[in-house]
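What follows is a short report on a single structure.
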Amino acid sequence: MTKTGRYTRLAGMAGLAVLAMSAPAFAQEAEEAFTLTAPETAYIFNTLLFLIGGFLVMWMAAGFAMLEAGLVRSKNVAMQCTKNISLFSIATIMYYLVGYNLMYSGVDGGYFGSISLWGVDDSAGPAADGTGYASASDWFFQVVFVATAASIVSGTLAERIKLWPFLLFTVVLTGVIYPIQGAWQWGGGWLSEMGFSDFAGSTIVHSTGGWAALMGALILGPRIGKYVKGGGVNALPGSSMPLATLGTFILWLGWFGFNGASQLALGTVADANAVSTIFINTNMAAAGGVIAAMLLTQLLYKKVDITMALNGALAGLVSITAEPLAPTLGWALGIGAIGGVIVVLTVPLLDKLHIDDVVGAIPVHLFCGIWGTMAVPLTNGDTSFAVQATGVISIGIFVAVTSLVLWLALRFTIGIRCSEEEEMMGLDKAEIGVEAYPEFTAS
Amino acid sequence: MTKTGRYTRLAGMAGLAVLAMSAPAFAQEAEEAFTLTAPETAYIFNTLLFLIGGFLVMWMAAGFAMLEAGLVRSKNVAMQCTKNISLFSIATIMYYLVGYNLMYSGVDGGYFGSISLWGVDDSAGPAADGTGYASASDWFFQVVFVATAASIVSGTLAERIKLWPFLLFTVVLTGVIYPIQGAWQWGGGWLSEMGFSDFAGSTIVHSTGGWAALMGALILGPRIGKYVKGGGVNALPGSSMPLATLGTFILWLGWFGFNGASQLALGTVADANAVSTIFINTNMAAAGGVIAAMLLTQLLYKKVDITMALNGALAGLVSITAEPLAPTLGWALGIGAIGGVIVVLTVPLLDKLHIDDVVGAIPVHLFCGIWGTMAVPLTNGDTSFAVQATGVISIGIFVAVTSLVLWLALRFTIGIRCSEEEEMMGLDKAEIGVEAYPEFTAS
Amino acid sequence: MTKTGRYTRLAGMAGLAVLAMSAPAFAQEAEEAFTLTAPETAYIFNTLLFLIGGFLVMWMAAGFAMLEAGLVRSKNVAMQCTKNISLFSIATIMYYLVGYNLMYSGVDGGYFGSISLWGVDDSAGPAADGTGYASASDWFFQVVFVATAASIVSGTLAERIKLWPFLLFTVVLTGVIYPIQGAWQWGGGWLSEMGFSDFAGSTIVHSTGGWAALMGALILGPRIGKYVKGGGVNALPGSSMPLATLGTFILWLGWFGFNGASQLALGTVADANAVSTIFINTNMAAAGGVIAAMLLTQLLYKKVDITMALNGALAGLVSITAEPLAPTLGWALGIGAIGGVIVVLTVPLLDKLHIDDVVGAIPVHLFCGIWGTMAVPLTNGDTSFAVQATGVISIGIFVAVTSLVLWLALRFTIGIRCSEEEEMMGLDKAEIGVEAYPEFTAS
């Protein structure tokens, strides 16, 4: 069996790639015996971890889309789907145009990096200590994180925000707000120098999304009919529990990439062990969140609320995200379970305050993000509660203030809320022009 | 571009992981030139196989959830979703508390291991013969298998079992029953010493789930209205064929991890070849099951039944699971196709016996699990029909008897079946308090 | 903790695999110290890339199923699901029986290979230059590509084609038509020698599916009620936008495997860099397609059409598939965005010509496939517009003519279109016997 064409193709491609390289080790490859040095092998492992982790986190975009599609009423489902696919696209573009370099380029203990386009740069080649990786694989992994932060906002503000103002907010969130606070820690800025620890982003990703969502919910106000005069709360049940369940499972799956690949390396035995431990702790925290939320709703309400079971899983996942490596399985179970309890107890609290969070994203991502970050010193001795609190508060203030200003600016210029008539009709008819389920609903 | 923070973070993490190590080879890493020995490289490959296989099998939990959500009536969909996310969580916790060590720790040719918590132990480091892997990656891969066995039970008993008794059964199944029979073979117990062969678990996972489901179905009885006096059978059609299709595709995808990573190693060329062969045999068996089931239903009923096509895929997958490596592609096609035929022929058989299996899990997982296990000697010369039968029968008796006792104990204490009124109303309203599709159904 | 059984199992498996090997390097493994040579390590990396890429592309089958299930009316949803799972199965079987060797075995600059069964052959072992891989992993990756081409046809012809004639067409498409044109390029045939470049198959996979779909649509005619006398076009809206969205996200995810693993190697730093660059370009092109389609529909129709946003993503993905490595991120964005524009502009064009393409597959896969292939010389200096056009035209003519002949042959023998009565009733009732959503629709 000859496969000339494939080998031709392979050679052609390798040729292309080699052209882009400057390290002398590769230029000689064609003539010498094929070798793989230890740093080169590690480079491939590290890169592969970013690629696998990246596609798993990219998949979380589908998870948010399904979760939100399931938790809104059918008249707004197509809108949530549209928002989710477009916010992912915007995050990709903005992180390329501004975000990545603002977050990672030359922060040096300061507050933000440089303002410039990002481009592939593989000139460094494998690092002598085995920490090298393809720059594009790192960028891929980072960009899907940005999208996650933006997805959180989408769910809270569902069923009454207009499409384009939401997308404009997303442009600024993914291009500027997220990268700047990210620069403080992951970019090597002032928080990082202080010793703040947020392994995969309980604060940097989840709380950031949560704060932006909370400010939006305050400015936007609750949906019509959600809160009745005299204190009653209407449930406005979501349209599809199986889609919400699917979304939760997708997020759970994606979280192995989110936390696991945040180890940032797979090229040593120690790294392989670390990624593995992160996987099982992540899984255990989610399990703890589910069971805690189920037991608590059974105790409180005599029934198991499926939306709480699902949010319990997500609560556990957010809670373990700040430190998925140091805990034992028992600690991971406990940290996740407390996350589940937090969600069950704070969802009604938001309703009391008439803050209308359609999918429960604020309890899950903001409250459990704070919990997870503050819990780090329980298992990681290199951290302190004071420094963790500094990170939580400083990032909280920054994101809350910038988001608030931005929501207010949008509100008083182009407006952010659809008309009462549009809200009653549903945003699918009003703004998308295509109904999500044209044959299933009487409307 | 400087990325101080990321490198700091990386160094910090590596430091943490290194602290947990005792092997002198790693303690010196920081000072010497970066190296990767062959056992270390193999260790990383093996670990990566477990992690990838593990997340694919974890994803099967979503597949069972969607398959079952699609095959039950809409009034019970939220219940099935709740059961699937909670049984996965219970399996995770129970396998940590009891199951893993009961199955794998010190079985030594006997019947079960030790009763103790499982904990990460990476002190062994890379094995000199290249078989090493991170202990947590192995645990992750094993725990998702347990959940699979439990998922099988969920589908059969749908639409009439109460939530908490089902979950209590799951606690014992995943913590005790599954691990003990698993210890006989995979834990190195008596069946293993006898020469039984069940590569990825046609018997150990699928038949085990199937026997537990069958016993449950016998004790629980059929749904109201399923069997009419005089011999008629009502179809009680499932609520969503696309969700059932999605679930089947998810399971098909996950099965590459289920069978492929059961090779347990990727650190040699022989292992890479084996995993690849397993992938294509697994895929081919599923294809054979689909086409056989479609052709047979067309012949028998003059129409193609989509539920049979879907179950045909699963039948093919279960059938090849006991030996996905030894067969040629032609054998894999045949083994899978016979699986598809078995399902089409035995689904009506169960109905004749008034055994109400809502999703067809008993034909798929029990009958095809037996077929697949007995078919091993057809392509693997190191096995014998007698020993294979010994494994099938001994595990069958053990699981059937323990399950029966447990179902009876639950029935005569807390009860396992919802009231007639609740069953007619649907379990979503009765026990979950949230309807799956509040806007789509007239109820 | 002893794990005898697992190690026994492992040893047994390795033994099996070793038996199948002839290279002396492996025969000695058991006795000597464990080693991994550079070609062996590269072999494992290359194989792993095929396996990961393969399962991601296999997952695209679920994506097409969900996309089509969402974009047809509820009365035809079970049929689309059935078609998608069976076409994937047929592709698997036909590629084994005929397709692979017809495409890859001994083409040598000619027009097709040999007619013979494919079988695993790992006798070559690791190649000295690091390009080796497990033959089964390559086969797996190739077979899922065939299925993709067949999936494209399914969507266009939905809601009026009969099941078995469609499947017969699929048999010939996947066994003969696709492999022959594939042999011209990827098999090392005449187009490859001429210098044609189609990295992951904008033409070879997507246009091929698109031409077959177009010919089918011409022979089959539009759905009843789609085009009104006097020039009106009825929308016949799809039944579920969230399922269509899910399908799009699945395809987006799968495309990382489709394009990324088409690098065909991961065993060098250059390959790891290339795969990473392909990932980010693929992602960026999809993002560009989404945003371009959304902006354009907003401009043209004053609303954002979600089906156009989804098809915009797919358009971007198809457009970048012919050359996902050479472009910068900026180029990828532009190439994808133009794809999005093409879809928005050509969907109404097909309607003007009364060519009824239910899901928009012809604009996405055929038109953007052509665009992507012709755009290669913009960023890859080793190609020319003339040669690219030669490939596009020659493959176009071959696939269009053979498909046309086949569709006509089927039409004038067994017939391809269901009766008017069946079409009005829906194909689920007519041919599948199971309704997709028995409780949600009044029918």
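In the structure tokens, each chain is lettered A, B, ... as it comes, each chain's residues begin at 1, and ligands are numbered from 1 in order of appearance.
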
Problem set entry | Test item: chain A residues at most 7 Å from chain B, counting only C-alpha atoms, as a count of residues only | 44

Exercise. Please, which residues of segment 372-402 of chain B, numbered as in this document, come out helix (DSSP H, G or I) from DSSP, as a PyMOL selection string?
Worked result: chain B and resi 372-374+376-379+385-402

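The coordinates place atom CA of Pro348 of chain B at 16.5 Å from atom CA of Lys229 of chain B.
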
For this session: For Gly225 of chain A, please output as a PyMOL selection string all residues within 9 Å (counting only C-alpha atoms; exclusion window: fewer than 3 positions along the same chain).
Result: chain A and resi 222+228+233-234+236

For those residues, write all heavy atoms to a file as a short mmCIF file (atom, residue, chain, number, x, y, z; two decimals), in the first residue's frame.
data_model
loop_
_atom_site.label_atom_id
_atom_site.label_comp_id
_atom_site.auth_asym_id
_atom_site.auth_seq_id
_atom_site.Cartn_x
_atom_site.Cartn_y
_atom_site.Cartn_z
N PRO A 222 -35.84 43.47 37.15
CA PRO A 222 -36.38 42.12 36.98
C PRO A 222 -37.35 42.02 35.79
O PRO A 222 -37.84 43.03 35.29
CB PRO A 222 -37.11 41.87 38.29
CG PRO A 222 -37.47 43.22 38.80
CD PRO A 222 -36.41 44.16 38.32
N VAL A 228 -44.15 39.90 42.52
CA VAL A 228 -45.49 40.43 42.69
C VAL A 228 -45.48 41.41 43.85
O VAL A 228 -44.76 41.22 44.84
CB VAL A 228 -46.47 39.28 43.00
CG1 VAL A 228 -47.91 39.76 42.89
CG2 VAL A 228 -46.21 38.12 42.07
N VAL A 233 -43.15 35.74 44.71
CA VAL A 233 -42.19 35.48 43.63
C VAL A 233 -42.79 34.44 42.69
O VAL A 233 -43.20 33.37 43.14
CB VAL A 233 -40.86 34.96 44.20
CG1 VAL A 233 -39.90 34.62 43.07
CG2 VAL A 233 -40.24 35.96 45.16
N ASN A 234 -42.87 34.77 41.42
CA ASN A 234 -43.33 33.78 40.46
C ASN A 234 -42.14 33.00 39.90
O ASN A 234 -41.08 33.56 39.65
CB ASN A 234 -44.07 34.47 39.31
CG ASN A 234 -45.44 34.94 39.74
OD1 ASN A 234 -46.15 34.22 40.45
ND2 ASN A 234 -45.80 36.15 39.34
N LEU A 236 -41.76 31.35 36.91
CA LEU A 236 -41.46 31.46 35.47
C LEU A 236 -40.57 30.30 35.01
O LEU A 236 -39.43 30.51 34.58
CB LEU A 236 -40.77 32.79 35.16
CG LEU A 236 -41.43 34.09 35.65
CD1 LEU A 236 -40.60 35.30 35.22
CD2 LEU A 236 -42.85 34.21 35.16
#

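Every protein, DNA or RNA residue with an atom at most 7 Å from Val399 of chain B, where only C-alpha atoms count and chain neighbours fewer than 2 positions away do not, is listed here: B:Ile177, B:Thr208, B:Trp211, B:Ala212, B:Ile395, B:Gly396, B:Ile397, B:Val401, B:Thr402, B:Ser403.
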
Could you save the residues just selected, with N, CA, C and O atoms, as a compact mmCIF listing (two decimals), in the first residue's frame?
# COMPACT_ATOMS: atom_id res chain seq x y z
N ILE B 177 -21.73 -3.97 45.50
CA ILE B 177 -22.01 -5.07 44.56
C ILE B 177 -21.06 -5.03 43.38
O ILE B 177 -20.39 -6.02 43.06
N THR B 208 -23.67 -6.67 34.67
CA THR B 208 -23.92 -6.34 36.08
C THR B 208 -25.05 -5.32 36.18
O THR B 208 -26.00 -5.51 36.95
N TRP B 211 -28.32 -7.20 35.12
CA TRP B 211 -28.92 -8.07 36.13
C TRP B 211 -29.62 -7.25 37.21
O TRP B 211 -30.72 -7.59 37.65
N ALA B 212 -28.96 -6.20 37.66
CA ALA B 212 -29.56 -5.35 38.69
C ALA B 212 -30.86 -4.74 38.18
O ALA B 212 -31.85 -4.64 38.92
N ILE B 395 -20.86 -14.29 38.03
CA ILE B 395 -21.18 -12.87 38.24
C ILE B 395 -22.68 -12.65 38.15
O ILE B 395 -23.26 -11.89 38.92
N GLY B 396 -23.31 -13.35 37.22
CA GLY B 396 -24.76 -13.23 37.08
C GLY B 396 -25.48 -13.62 38.36
O GLY B 396 -26.36 -12.88 38.84
N ILE B 397 -25.11 -14.75 38.91
CA ILE B 397 -25.77 -15.20 40.14
C ILE B 397 -25.51 -14.23 41.28
O ILE B 397 -26.43 -13.84 42.01
N VAL B 401 -28.62 -12.18 42.77
CA VAL B 401 -29.07 -12.49 44.13
C VAL B 401 -28.94 -11.28 45.06
O VAL B 401 -29.88 -10.92 45.77
N THR B 402 -27.79 -10.64 45.03
CA THR B 402 -27.62 -9.48 45.92
C THR B 402 -28.60 -8.36 45.55
O THR B 402 -29.15 -7.70 46.42
N SER B 403 -28.81 -8.16 44.25
CA SER B 403 -29.75 -7.12 43.83
C SER B 403 -31.16 -7.47 44.27
O SER B 403 -31.91 -6.61 44.76

Exercise. Which residues, written as number ranges by chain, have at least one atom at most 8 Å from Gly201 of chain A, with only C-alpha atoms counted and residues fewer than 3 positions away on the same chain left out?
Worked result: A: 198, 204-206, 321-322

Output C-alpha atoms of each residue in that selection to a file, as an mmCIF file, in the first residue's frame.
data_model
loop_
_atom_site.group_PDB
_atom_site.id
_atom_site.type_symbol
_atom_site.label_atom_id
_atom_site.label_comp_id
_atom_site.auth_asym_id
_atom_site.auth_seq_id
_atom_site.Cartn_x
_atom_site.Cartn_y
_atom_site.Cartn_z
ATOM 1 C CA ASP A 198 -6.485 31.426 41.970
ATOM 2 C CA ILE A 204 -10.621 35.733 37.746
ATOM 3 C CA VAL A 205 -13.145 33.994 35.515
ATOM 4 C CA HIS A 206 -16.225 33.112 37.532
ATOM 5 C CA THR A 321 -11.619 25.954 40.665
ATOM 6 C CA ALA A 322 -9.455 28.233 42.800
#

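Atom CA of Ile224 of chain C to atom CA of Phe412 of chain C spans 20.6 Å [interatomic distance, one decimal].
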
For this session: Name all residues at most 7 Å from segment 325-337 of chain B (count only C-alpha atoms; drop same-chain ones fewer than 5 positions away) and give them as a count of residues only.
Result: 17

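Between atom CA of Ile370 of chain B and atom CA of Phe385 of chain B the separation is 11.7 Å.
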
Problem set entry | Selection: 10 Å around Met194 of chain B, only C-alpha atoms, excl. self and same-chain fewer than 5 positions, as a ChimeraX atom specification | /B:109,184-185,189,387-388,390-391
